[in-house]
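Structure file upload03.pdb; described as PDB, C-alpha atoms, pLDDT in the B column.
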ATOM      1  CA  MET A  88     118.932  82.216 -55.019  1.00 58.00           C
ATOM      2  CA  LYS A  89     119.904  81.212 -51.517  1.00 72.00           C
ATOM      3  CA  THR A  90     123.548  80.629 -50.671  1.00 82.00           C
ATOM      4  CA  LYS A  91     124.754  77.481 -48.914  1.00 85.00           C
ATOM      5  CA  THR A  92     125.171  79.414 -45.637  1.00 84.00           C
ATOM      6  CA  GLU A  93     121.610  80.712 -45.821  1.00 85.00           C
ATOM      7  CA  LYS A  94     120.312  77.175 -46.347  1.00 88.00           C
ATOM      8  CA  ILE A  95     122.369  75.852 -43.401  1.00 90.00           C
ATOM      9  CA  LEU A  96     121.098  78.687 -41.178  1.00 88.00           C
ATOM     10  CA  LEU A  97     117.510  77.930 -42.221  1.00 89.00           C
ATOM     11  CA  VAL A  98     117.955  74.259 -41.262  1.00 92.00           C
ATOM     12  CA  LEU A  99     119.553  75.306 -37.956  1.00 91.00           C
ATOM     13  CA  LYS A 100     116.657  77.666 -37.300  1.00 91.00           C
ATOM     14  CA  VAL A 101     114.132  74.831 -37.788  1.00 93.00           C
ATOM     15  CA  LEU A 102     116.237  72.519 -35.580  1.00 94.00           C
ATOM     16  CA  ALA A 103     116.493  75.193 -32.866  1.00 93.00           C
ATOM     17  CA  TRP A 104     112.714  75.665 -32.783  1.00 94.00           C
ATOM     18  CA  MET A 105     112.248  71.863 -32.694  1.00 94.00           C
ATOM     19  CA  ALA A 106     114.727  71.601 -29.800  1.00 93.00           C
ATOM     20  CA  LEU A 107     112.871  74.399 -28.016  1.00 93.00           C
ATOM     21  CA  VAL A 108     109.548  72.585 -28.398  1.00 95.00           C
ATOM     22  CA  GLY A 109     111.226  69.355 -27.194  1.00 92.00           C
ATOM     23  CA  TYR A 110     112.637  71.021 -24.085  1.00 91.00           C
ATOM     24  CA  ILE A 111     109.353  72.797 -23.322  1.00 93.00           C
ATOM     25  CA  LEU A 112     107.578  69.416 -23.548  1.00 92.00           C
ATOM     26  CA  GLN A 113     110.258  67.878 -21.313  1.00 88.00           C
ATOM     27  CA  CYS A 114     109.864  70.689 -18.806  1.00 91.00           C
ATOM     28  CA  GLY A 115     106.050  70.395 -18.859  1.00 91.00           C
ATOM     29  CA  GLY A 116     106.272  66.591 -18.559  1.00 89.00           C
ATOM     30  CA  GLN A 117     108.562  66.824 -15.559  1.00 88.00           C
ATOM     31  CA  ILE A 118     106.389  69.411 -13.844  1.00 90.00           C
ATOM     32  CA  PHE A 119     103.355  67.191 -14.489  1.00 89.00           C
ATOM     33  CA  SER A 120     105.165  64.055 -13.204  1.00 86.00           C
ATOM     34  CA  PHE A 121     106.261  65.995 -10.128  1.00 87.00           C
ATOM     35  CA  GLY A 122     102.756  67.222  -9.341  1.00 88.00           C
ATOM     36  CA  TYR A 123     101.119  63.910 -10.183  1.00 87.00           C
ATOM     37  CA  SER A 124     103.544  61.949  -8.009  1.00 85.00           C
ATOM     38  CA  PHE A 125     101.968  63.492  -4.909  1.00 85.00           C
ATOM     39  CA  PHE A 126      98.664  61.830  -5.824  1.00 86.00           C
ATOM     40  CA  ASN A 127     100.132  58.702  -7.385  1.00 83.00           C
ATOM     41  CA  PRO A 128     103.717  57.882  -6.245  1.00 79.00           C
ATOM     42  CA  GLU A 129     104.079  55.443  -9.163  1.00 79.00           C
ATOM     43  CA  ALA A 130     104.547  58.506 -11.407  1.00 76.00           C
ATOM     44  CA  ALA A 131     107.972  58.979  -9.780  1.00 76.00           C
ATOM     45  CA  ARG A 132     109.174  55.731 -11.396  1.00 76.00           C
ATOM     46  CA  ASN A 133     109.430  57.247 -14.841  1.00 73.00           C
ATOM     47  CA  ILE A 134     110.217  60.920 -14.804  1.00 74.00           C
ATOM     48  CA  TYR A 135     109.755  62.300 -18.306  1.00 68.00           C
ATOM     49  CA  ARG A 136     112.965  62.055 -20.403  1.00 65.00           C
ATOM     50  CA  THR A 137     115.369  61.233 -17.583  1.00 71.00           C
ATOM     51  CA  SER A 138     117.080  58.017 -16.632  1.00 68.00           C
ATOM     52  CA  LEU A 139     116.193  58.588 -13.001  1.00 72.00           C
ATOM     53  CA  SER A 140     113.840  56.398 -11.033  1.00 72.00           C
ATOM     54  CA  LEU A 141     112.777  58.384  -8.020  1.00 78.00           C
ATOM     55  CA  TYR A 142     110.024  56.124  -6.694  1.00 78.00           C
ATOM     56  CA  GLU A 143     112.132  54.722  -3.837  1.00 80.00           C
ATOM     57  CA  MET A 144     113.378  58.202  -2.964  1.00 81.00           C
ATOM     58  CA  HIS A 145     109.791  59.486  -3.009  1.00 81.00           C
ATOM     59  CA  GLN A 146     108.767  56.762  -0.568  1.00 80.00           C
ATOM     60  CA  HIS A 147     111.868  57.063   1.630  1.00 81.00           C
ATOM     61  CA  ASN A 148     112.377  60.817   1.870  1.00 81.00           C
ATOM     62  CA  GLN A 149     109.950  63.179   0.176  1.00 84.00           C
ATOM     63  CA  GLN A 150     112.105  66.220   0.934  1.00 88.00           C
ATOM     64  CA  TYR A 151     115.014  64.753  -1.065  1.00 87.00           C
ATOM     65  CA  PHE A 152     112.584  63.860  -3.844  1.00 87.00           C
ATOM     66  CA  ILE A 153     111.402  67.495  -3.993  1.00 90.00           C
ATOM     67  CA  TYR A 154     115.028  68.741  -4.079  1.00 89.00           C
ATOM     68  CA  ILE A 155     115.966  66.394  -6.940  1.00 87.00           C
ATOM     69  CA  MET A 156     112.834  67.250  -8.917  1.00 88.00           C
ATOM     70  CA  SER A 157     113.445  70.966  -8.366  1.00 91.00           C
ATOM     71  CA  PHE A 158     116.940  70.586  -9.834  1.00 89.00           C
ATOM     72  CA  LEU A 159     115.573  68.617 -12.800  1.00 88.00           C
ATOM     73  CA  ILE A 160     112.847  71.172 -13.522  1.00 91.00           C
ATOM     74  CA  ALA A 161     115.228  74.112 -13.051  1.00 92.00           C
ATOM     75  CA  LEU A 162     117.660  72.554 -15.539  1.00 90.00           C
ATOM     76  CA  SER A 163     114.856  71.918 -18.049  1.00 90.00           C
ATOM     77  CA  VAL A 164     113.690  75.534 -17.726  1.00 94.00           C
ATOM     78  CA  MET A 165     117.271  76.773 -18.222  1.00 93.00           C
ATOM     79  CA  HIS A 166     117.738  74.537 -21.280  1.00 91.00           C
ATOM     80  CA  SER A 167     114.442  75.730 -22.741  1.00 94.00           C
ATOM     81  CA  TYR A 168     115.436  79.350 -22.203  1.00 94.00           C
ATOM     82  CA  VAL A 169     118.815  78.871 -23.931  1.00 94.00           C
ATOM     83  CA  TRP A 170     117.119  77.194 -26.910  1.00 94.00           C
ATOM     84  CA  TYR A 171     114.565  80.010 -26.968  1.00 95.00           C
ATOM     85  CA  ARG A 172     117.403  82.564 -27.166  1.00 94.00           C
ATOM     86  CA  VAL A 173     119.123  80.545 -29.935  1.00 94.00           C
ATOM     87  CA  ALA A 174     115.899  80.112 -31.933  1.00 94.00           C
ATOM     88  CA  ARG A 175     115.052  83.807 -31.568  1.00 93.00           C
ATOM     89  CA  LEU A 176     118.590  84.797 -32.565  1.00 92.00           C
ATOM     90  CA  LEU A 177     118.429  82.661 -35.701  1.00 91.00           C
ATOM     91  CA  THR A 178     114.944  83.955 -36.557  1.00 91.00           C
ATOM     92  CA  LYS A 179     115.819  87.620 -36.137  1.00 89.00           C
ATOM     93  CA  LEU A 180     119.262  87.346 -37.738  1.00 85.00           C
ATOM     94  CA  ASN A 181     119.501  89.752 -40.650  1.00 81.00           C
ATOM     95  CA  LEU A 182     121.830  88.129 -43.165  1.00 79.00           C
ATOM     96  CA  GLN A 183     122.345  91.433 -44.997  1.00 79.00           C
ATOM     97  CA  ASP A 184     123.878  92.893 -41.837  1.00 78.00           C
ATOM     98  CA  PRO A 185     124.632  90.008 -39.445  1.00 82.00           C
ATOM     99  CA  PHE A 186     127.384  91.729 -37.459  1.00 85.00           C
ATOM    100  CA  SER A 187     125.428  93.843 -35.033  1.00 86.00           C
ATOM    101  CA  ARG A 188     126.043  94.663 -31.372  1.00 87.00           C
ATOM    102  CA  LYS A 189     122.703  93.013 -30.499  1.00 89.00           C
ATOM    103  CA  VAL A 190     123.830  89.656 -31.953  1.00 90.00           C
ATOM    104  CA  ALA A 191     127.162  89.886 -30.108  1.00 90.00           C
ATOM    105  CA  ARG A 192     125.394  90.680 -26.843  1.00 91.00           C
ATOM    106  CA  THR A 193     122.941  87.772 -27.330  1.00 92.00           C
ATOM    107  CA  LEU A 194     125.843  85.372 -28.005  1.00 92.00           C
ATOM    108  CA  GLU A 195     127.632  86.595 -24.891  1.00 92.00           C
ATOM    109  CA  GLU A 196     124.481  86.149 -22.799  1.00 93.00           C
ATOM    110  CA  ILE A 197     123.937  82.623 -24.189  1.00 94.00           C
ATOM    111  CA  GLY A 198     127.535  81.780 -23.179  1.00 93.00           C
ATOM    112  CA  ILE A 199     126.881  83.066 -19.651  1.00 94.00           C
ATOM    113  CA  GLN A 200     123.562  81.168 -19.460  1.00 94.00           C
ATOM    114  CA  LEU A 201     125.332  77.959 -20.524  1.00 93.00           C
ATOM    115  CA  LEU A 202     127.824  78.576 -17.731  1.00 93.00           C
ATOM    116  CA  GLY A 203     124.825  78.926 -15.413  1.00 93.00           C
ATOM    117  CA  ILE A 204     123.527  75.530 -16.606  1.00 91.00           C
ATOM    118  CA  TRP A 205     126.951  74.024 -15.872  1.00 91.00           C
ATOM    119  CA  ILE A 206     126.976  75.490 -12.356  1.00 92.00           C
ATOM    120  CA  VAL A 207     123.424  74.296 -11.578  1.00 91.00           C
ATOM    121  CA  SER A 208     124.193  70.868 -13.154  1.00 89.00           C
ATOM    122  CA  ALA A 209     127.345  70.498 -11.086  1.00 88.00           C
ATOM    123  CA  ILE A 210     125.527  71.445  -7.876  1.00 90.00           C
ATOM    124  CA  ALA A 211     122.635  69.117  -8.775  1.00 88.00           C
ATOM    125  CA  GLU A 212     124.970  66.218  -9.629  1.00 86.00           C
ATOM    126  CA  ARG A 213     126.799  66.482  -6.315  1.00 87.00           C
ATOM    127  CA  SER A 214     123.612  67.032  -4.333  1.00 88.00           C
ATOM    128  CA  VAL A 215     121.933  63.983  -5.901  1.00 85.00           C
ATOM    129  CA  ALA A 216     125.029  61.890  -5.186  1.00 85.00           C
ATOM    130  CA  TRP A 217     125.062  63.137  -1.587  1.00 87.00           C
ATOM    131  CA  MET A 218     121.327  62.473  -1.119  1.00 85.00           C
ATOM    132  CA  ALA A 219     121.686  59.004  -2.683  1.00 83.00           C
ATOM    133  CA  LYS A 220     124.589  58.215  -0.347  1.00 85.00           C
ATOM    134  CA  ASN A 221     122.776  59.644   2.665  1.00 83.00           C
ATOM    135  CA  SER A 222     119.590  57.710   2.036  1.00 81.00           C
ATOM    136  CA  GLY A 223     121.249  54.594   0.622  1.00 81.00           C
ATOM    137  CA  ILE A 224     118.995  54.707  -2.463  1.00 80.00           C
ATOM    138  CA  HIS A 225     120.541  54.664  -5.922  1.00 77.00           C
ATOM    139  CA  VAL A 226     118.725  57.070  -8.234  1.00 74.00           C
ATOM    140  CA  GLY A 227     121.117  57.245 -11.195  1.00 72.00           C
ATOM    141  CA  SER A 228     122.978  60.148 -12.766  1.00 70.00           C
ATOM    142  CA  LEU A 229     121.553  63.527 -13.777  1.00 70.00           C
ATOM    143  CA  HIS A 230     123.629  64.853 -16.671  1.00 61.00           C
ATOM    144  CA  ALA A 231     127.094  64.892 -18.168  1.00 60.00           C
ATOM    145  CA  VAL A 232     127.966  68.271 -16.637  1.00 70.00           C
ATOM    146  CA  ASN A 233     131.463  69.005 -17.936  1.00 74.00           C
ATOM    147  CA  GLU A 234     130.277  69.455 -21.538  1.00 82.00           C
ATOM    148  CA  TYR A 235     128.356  72.588 -20.563  1.00 83.00           C
ATOM    149  CA  LEU A 236     131.510  74.293 -19.312  1.00 86.00           C
ATOM    150  CA  PHE A 237     133.243  73.479 -22.595  1.00 88.00           C
ATOM    151  CA  ILE A 238     130.310  74.691 -24.741  1.00 90.00           C
ATOM    152  CA  ALA A 239     129.899  77.828 -22.598  1.00 90.00           C
ATOM    153  CA  GLY A 240     133.600  78.603 -23.083  1.00 92.00           C
ATOM    154  CA  ILE A 241     133.413  78.106 -26.853  1.00 93.00           C
ATOM    155  CA  VAL A 242     130.271  80.279 -27.198  1.00 92.00           C
ATOM    156  CA  TYR A 243     131.821  82.992 -25.006  1.00 92.00           C
ATOM    157  CA  ILE A 244     135.039  83.008 -27.068  1.00 94.00           C
ATOM    158  CA  ILE A 245     133.011  83.208 -30.313  1.00 92.00           C
ATOM    159  CA  SER A 246     130.994  86.118 -28.872  1.00 92.00           C
ATOM    160  CA  GLN A 247     134.197  88.001 -27.998  1.00 92.00           C
ATOM    161  CA  VAL A 248     135.681  87.426 -31.479  1.00 92.00           C
ATOM    162  CA  PHE A 249     132.334  88.530 -32.939  1.00 90.00           C
ATOM    163  CA  LYS A 250     132.444  91.678 -30.806  1.00 91.00           C
ATOM    164  CA  ARG A 251     135.940  92.520 -32.042  1.00 91.00           C
ATOM    165  CA  GLY A 252     134.730  91.953 -35.622  1.00 90.00           C
ATOM    166  CA  ILE A 253     131.950  94.476 -35.068  1.00 90.00           C
ATOM    167  CA  GLU A 254     134.437  97.004 -33.647  1.00 88.00           C
ATOM    168  CA  ILE A 255     136.610  96.594 -36.767  1.00 88.00           C
ATOM    169  CA  GLN A 256     133.542  96.919 -39.005  1.00 87.00           C
ATOM    170  CA  GLU A 257     132.483 100.119 -37.218  1.00 85.00           C
ATOM    171  CA  GLU A 258     135.996 101.520 -37.550  1.00 85.00           C
ATOM    172  CA  ASN A 259     135.958 100.741 -41.282  1.00 85.00           C
ATOM    173  CA  GLU A 260     132.561 102.402 -41.662  1.00 83.00           C
ATOM    174  CA  LEU A 261     133.880 105.524 -39.916  1.00 86.00           C
ATOM    175  CA  THR A 262     137.065 105.705 -41.995  1.00 87.00           C
ATOM    176  CA  VAL A 263     136.799 108.548 -44.471  1.00 85.00           C
TER     177      VAL A 263
ATOM    178  CA  MET B 167     138.436 112.336 -28.969  1.00 70.00           C
ATOM    179  CA  PRO B 168     141.577 114.487 -28.516  1.00 84.00           C
ATOM    180  CA  ILE B 169     141.921 114.978 -32.287  1.00 87.00           C
ATOM    181  CA  ILE B 170     139.743 117.872 -33.457  1.00 89.00           C
ATOM    182  CA  VAL B 171     138.828 118.239 -37.129  1.00 89.00           C
ATOM    183  CA  ASN B 172     138.701 121.882 -38.188  1.00 89.00           C
ATOM    184  CA  LEU B 173     137.178 121.209 -41.578  1.00 89.00           C
ATOM    185  CA  ASP B 174     134.265 123.597 -40.963  1.00 88.00           C
ATOM    186  CA  VAL B 175     136.693 126.412 -40.067  1.00 90.00           C
ATOM    187  CA  MET B 176     138.721 125.923 -43.254  1.00 89.00           C
ATOM    188  CA  MET B 177     135.562 125.661 -45.346  1.00 89.00           C
ATOM    189  CA  ALA B 178     134.304 128.938 -43.871  1.00 91.00           C
ATOM    190  CA  ARG B 179     137.680 130.614 -44.608  1.00 90.00           C
ATOM    191  CA  ARG B 180     137.566 129.440 -48.228  1.00 88.00           C
ATOM    192  CA  LYS B 181     133.811 130.197 -48.398  1.00 89.00           C
ATOM    193  CA  MET B 182     133.153 126.687 -49.661  1.00 88.00           C
ATOM    194  CA  SER B 183     130.005 124.670 -48.994  1.00 88.00           C
ATOM    195  CA  LEU B 184     129.968 120.976 -48.051  1.00 87.00           C
ATOM    196  CA  ASN B 185     128.310 120.079 -51.370  1.00 87.00           C
ATOM    197  CA  GLU B 186     130.961 121.965 -53.322  1.00 87.00           C
ATOM    198  CA  LEU B 187     133.798 120.308 -51.393  1.00 88.00           C
ATOM    199  CA  ALA B 188     132.217 116.871 -51.801  1.00 87.00           C
ATOM    200  CA  GLY B 189     132.147 117.403 -55.559  1.00 87.00           C
ATOM    201  CA  LYS B 190     135.763 118.566 -55.654  1.00 86.00           C
ATOM    202  CA  VAL B 191     137.283 115.803 -53.537  1.00 86.00           C
ATOM    203  CA  ASP B 192     135.007 113.048 -54.873  1.00 83.00           C
ATOM    204  CA  ILE B 193     133.800 111.929 -51.437  1.00 85.00           C
ATOM    205  CA  THR B 194     130.176 111.310 -50.556  1.00 88.00           C
ATOM    206  CA  LEU B 195     128.381 114.000 -48.620  1.00 88.00           C
ATOM    207  CA  ALA B 196     127.679 111.477 -45.842  1.00 88.00           C
ATOM    208  CA  ASN B 197     131.384 110.677 -45.383  1.00 87.00           C
ATOM    209  CA  LEU B 198     132.359 114.334 -45.474  1.00 88.00           C
ATOM    210  CA  SER B 199     129.702 115.018 -42.874  1.00 89.00           C
ATOM    211  CA  ILE B 200     131.163 112.254 -40.644  1.00 89.00           C
ATOM    212  CA  LEU B 201     134.553 113.979 -40.933  1.00 89.00           C
ATOM    213  CA  LYS B 202     133.143 117.457 -40.319  1.00 88.00           C
ATOM    214  CA  THR B 203     131.183 116.448 -37.220  1.00 88.00           C
ATOM    215  CA  GLY B 204     134.197 114.686 -35.704  1.00 85.00           C
ATOM    216  CA  LYS B 205     132.636 111.213 -35.787  1.00 87.00           C
ATOM    217  CA  ALA B 206     135.359 109.769 -38.036  1.00 88.00           C
ATOM    218  CA  LYS B 207     137.665 107.148 -36.489  1.00 87.00           C
ATOM    219  CA  ALA B 208     140.322 107.413 -39.236  1.00 89.00           C
ATOM    220  CA  VAL B 209     141.203 109.491 -42.285  1.00 90.00           C
ATOM    221  CA  ARG B 210     142.943 108.044 -45.336  1.00 90.00           C
ATOM    222  CA  PHE B 211     146.003 109.948 -46.614  1.00 93.00           C
ATOM    223  CA  SER B 212     144.346 110.066 -50.055  1.00 90.00           C
ATOM    224  CA  THR B 213     141.271 111.801 -48.551  1.00 89.00           C
ATOM    225  CA  LEU B 214     143.455 114.228 -46.587  1.00 91.00           C
ATOM    226  CA  GLU B 215     145.463 114.995 -49.707  1.00 92.00           C
ATOM    227  CA  ALA B 216     142.318 115.650 -51.757  1.00 91.00           C
ATOM    228  CA  ILE B 217     140.811 117.941 -49.086  1.00 92.00           C
ATOM    229  CA  CYS B 218     144.098 119.858 -48.654  1.00 93.00           C
ATOM    230  CA  LYS B 219     144.277 120.311 -52.427  1.00 91.00           C
ATOM    231  CA  ALA B 220     140.662 121.496 -52.674  1.00 90.00           C
ATOM    232  CA  LEU B 221     140.948 123.910 -49.719  1.00 90.00           C
ATOM    233  CA  ASP B 222     144.535 124.916 -50.484  1.00 90.00           C
ATOM    234  CA  CYS B 223     145.744 124.217 -46.965  1.00 91.00           C
ATOM    235  CA  GLN B 224     148.035 121.961 -44.899  1.00 92.00           C
ATOM    236  CA  PRO B 225     146.936 118.877 -42.911  1.00 92.00           C
ATOM    237  CA  GLY B 226     147.779 120.839 -39.762  1.00 92.00           C
ATOM    238  CA  ASP B 227     145.134 123.404 -40.694  1.00 90.00           C
ATOM    239  CA  LEU B 228     142.503 120.670 -40.685  1.00 90.00           C
ATOM    240  CA  LEU B 229     143.594 118.594 -37.693  1.00 91.00           C
ATOM    241  CA  GLU B 230     144.332 119.738 -34.170  1.00 89.00           C
ATOM    242  CA  TYR B 231     145.403 117.854 -31.033  1.00 90.00           C
ATOM    243  CA  SER B 232     143.848 118.772 -27.715  1.00 86.00           C
ATOM    244  CA  ALA B 233     144.948 116.721 -24.702  1.00 82.00           C
ATOM    245  CA  GLY B 234     142.190 118.077 -22.470  1.00 69.00           C
ATOM    246  CA  ASP B 235     139.241 116.337 -24.217  1.00 53.00           C
TER     247      ASP B 235
END
Turn this file's structure into structure tokens for me.
Amino acid sequence: MKTKTEKILLVLKVLAWMALVGYILQCGGQIFSFGYSFFNPEAARNIYRTSLSLYEMHQHNQQYFIYIMSFLIALSVMHSYVWYRVARLLTKLNLQDPFSRKVARTLEEIGIQLLGIWIVSAIAERSVAWMAKNSGIHVGSLHAVNEYLFIAGIVYIISQVFKRGIEIQEENELTV
Amino acid sequence: MPIIVNLDVMMARRKMSLNELAGKVDITLANLSILKTGKAKAVRFSTLEAICKALDCQPGDLLEYSAGD
């Protein structure tokens, strides 16, 4: 019989894979919109799963348009990669022996990658604002960036506590 | 680690095998092996007491401090 925790982890695993598929689709959609916009500029009106309308920017300054799209695609790729790590972690997690150095290292890396998303988001947010101001075209906002710093901090703290737990477990195992 | 476990030396002096000692002190062979090879991070007083009793020795005969390592 499965415990409540096992059931919750199973649901989380399914959700993580669904989120991964969603982000991969988003990333693919944005890459497609980006490529297609060079043949049909109307495609820049509705960039897949963003609130941005980049048609005017595309018409006014194509270099700015490429910069903004590069940020969007880079962020989608980074999100997809983090969800891939989470989904893989949940899939490979051995519930008989969950406290392993590999899990702690993966958690730590996910925390650092989330920090990376925050840094890229912050740069992108400011760059888009600067480009919008410079060109006089309002394109909207990219993301709520501060949440990533908070989540990255929480995940990093959890990974460090997890690491200490593993050290204590190893000490207990080597106590005769 | 600067603490050296001289269990193998004492066992050789008493001409006692690891299996025999494991039986006498009621510790698994795997745990005794961890202690003998110096991989142990800690030793319980109850374990030390049982080993000292079985080998008829003092804790100082089993443990040694070496600052150099």
- Note on the structure: CA of Thr194 (chain B) to CA of Thr262 (chain A) measures 12.3 Å
- Message: Taking only C-alpha atoms into account and nothing else, which residues of chain A lie no more than 12 Å away from chain B? Please answer as a count of residues only.
- Response: 10
- Any chance you could resolve the PyMOL selection byres ((chain A and resi 128) around 12) against this file and give the residues as a list in words? Ser120, Phe121, Gly122, Tyr123, Ser124, Phe125, Phe126, Asn127, Glu129, Ala130, Ala131, Arg132, Asn133, Ile134, Ser140, Leu141, Tyr142, Glu143, Met144, His145, Gln146, His147, Gln149 and Phe152 of chain A
- Item | Selection result for the PyMOL selection byres ((chain A and resi 196) around 12) on this file, as a PyMOL selection string | chain A and resi 168-169+172-173+176+189-195+197-203+239-240+242-247
- Query: Which distance in Å separates CA of Leu162 (chain A) and CA of Lys220 (chain A), to one decimal?
  - Reply: 22.0 Å
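The nearest approach to Leu229 (chain A) among the residues A:Ser163, A:Thr90, A:Gln150, A:Gln183, with all atoms listed in the file taken into account, belongs to A:Ser163.
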- Using the chain letters and numbers from the file, give me the residues hit by the PyMOL selection byres ((chain A and resi 207) around 12), as a ChimeraX atom specification. /A:155,157-166,200-206,208-215,229-230,232-233,235-236
Would you compute, for all listed atoms of region 129-132 of chain A, the axis-aligned bounding box grown by 3 Å on each side, and then report its centre and edge lengths in Å rounded to one decimal, as AutoDock Vina command-line options?
--center_x 106.6 --center_y 57.2 --center_z -10.3 --size_x 11.1 --size_y 9.5 --size_z 8.2
Using all atoms listed in the file, determine which residues lie at most 10 Å from Val175 (chain B), disregarding the query and same-chain residues fewer than 5 positions distant; provide the list as a PDB file with C-alpha atoms, keeping the file's coordinate frame.
ATOM      1  CA  ARG B 180     137.566 129.440 -48.228  1.00 88.00           C
ATOM      2  CA  LYS B 181     133.811 130.197 -48.398  1.00 89.00           C
ATOM      3  CA  LYS B 202     133.143 117.457 -40.319  1.00 88.00           C
ATOM      4  CA  ASP B 227     145.134 123.404 -40.694  1.00 90.00           C
ATOM      5  CA  LEU B 228     142.503 120.670 -40.685  1.00 90.00           C
TER       6      LEU B 228
END
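Here CA of Gly204 (chain B) and CA of Pro168 (chain B) stand 10.3 Å from one another.
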- Task: May I have the protein, DNA and RNA residues with an atom at most 12 Å from (145.8, 120.1, -47.8), counting only C-alpha atoms in the file's coordinates, returned as a PyMOL selection string?
- Result: chain B and resi 173+176-177+191+211-229
- Message: List as a PyMOL selection string the protein and nucleic acid residues near Leu139 (chain A), meaning an atom at most 6 Å away when all atoms listed in the file are counted, but skip any in the same chain fewer than 2 places from it.
- Response: chain A and resi 137+226-227
Write out the residues from the selection above, keeping C-alpha atoms, as a short mmCIF file (atom, residue, chain, number, x, y, z; two decimals), in the frame of the given file.
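The file below, selection-v9.cif, is the result:
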data_model
loop_
_atom_site.label_atom_id
_atom_site.label_comp_id
_atom_site.auth_asym_id
_atom_site.auth_seq_id
_atom_site.Cartn_x
_atom_site.Cartn_y
_atom_site.Cartn_z
CA THR A 137 115.37 61.23 -17.58
CA VAL A 226 118.72 57.07 -8.23
CA GLY A 227 121.12 57.24 -11.20
#
Would you fill out region 183-197 of chain B with N, CA and C atoms and return it as an mmCIF file, in the coordinates of the input?
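Output saved as result.cif:
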data_model
loop_
_atom_site.group_PDB
_atom_site.id
_atom_site.type_symbol
_atom_site.label_atom_id
_atom_site.label_comp_id
_atom_site.auth_asym_id
_atom_site.auth_seq_id
_atom_site.Cartn_x
_atom_site.Cartn_y
_atom_site.Cartn_z
ATOM 1 N N SER B 183 131.058 125.473 -49.640
ATOM 2 C CA SER B 183 130.005 124.670 -48.994
ATOM 3 C C SER B 183 130.409 123.189 -48.980
ATOM 4 N N LEU B 184 129.680 122.402 -48.169
ATOM 5 C CA LEU B 184 129.968 120.976 -48.051
ATOM 6 C C LEU B 184 129.712 120.257 -49.381
ATOM 7 N N ASN B 185 128.648 120.677 -50.069
ATOM 8 C CA ASN B 185 128.310 120.079 -51.370
ATOM 9 C C ASN B 185 129.414 120.330 -52.386
ATOM 10 N N GLU B 186 129.906 121.569 -52.378
ATOM 11 C CA GLU B 186 130.961 121.965 -53.322
ATOM 12 C C GLU B 186 132.239 121.165 -53.052
ATOM 13 N N LEU B 187 132.592 121.042 -51.764
ATOM 14 C CA LEU B 187 133.798 120.308 -51.393
ATOM 15 C C LEU B 187 133.651 118.824 -51.740
ATOM 16 N N ALA B 188 132.460 118.281 -51.491
ATOM 17 C CA ALA B 188 132.217 116.871 -51.801
ATOM 18 C C ALA B 188 132.424 116.606 -53.286
ATOM 19 N N GLY B 189 131.972 117.539 -54.104
ATOM 20 C CA GLY B 189 132.147 117.403 -55.559
ATOM 21 C C GLY B 189 133.608 117.465 -55.955
ATOM 22 N N LYS B 190 134.357 118.375 -55.289
ATOM 23 C CA LYS B 190 135.763 118.566 -55.654
ATOM 24 C C LYS B 190 136.655 117.402 -55.222
ATOM 25 N N VAL B 191 136.394 116.863 -54.038
ATOM 26 C CA VAL B 191 137.283 115.803 -53.537
ATOM 27 C C VAL B 191 136.758 114.389 -53.843
ATOM 28 N N ASP B 192 135.598 114.322 -54.480
ATOM 29 C CA ASP B 192 135.007 113.048 -54.873
ATOM 30 C C ASP B 192 134.765 112.125 -53.665
ATOM 31 N N ILE B 193 134.190 112.705 -52.631
ATOM 32 C CA ILE B 193 133.800 111.929 -51.437
ATOM 33 C C ILE B 193 132.306 112.158 -51.237
ATOM 34 N N THR B 194 131.623 111.144 -50.753
ATOM 35 C CA THR B 194 130.176 111.310 -50.556
ATOM 36 C C THR B 194 129.925 112.349 -49.465
ATOM 37 N N LEU B 195 128.770 112.975 -49.586
ATOM 38 C CA LEU B 195 128.381 114.000 -48.620
ATOM 39 C C LEU B 195 128.304 113.398 -47.209
ATOM 40 N N ALA B 196 127.827 112.154 -47.143
ATOM 41 C CA ALA B 196 127.679 111.477 -45.842
ATOM 42 C C ALA B 196 129.041 111.308 -45.175
ATOM 43 N N ASN B 197 130.040 110.872 -45.941
ATOM 44 C CA ASN B 197 131.384 110.677 -45.383
ATOM 45 C C ASN B 197 132.020 111.999 -44.969
#
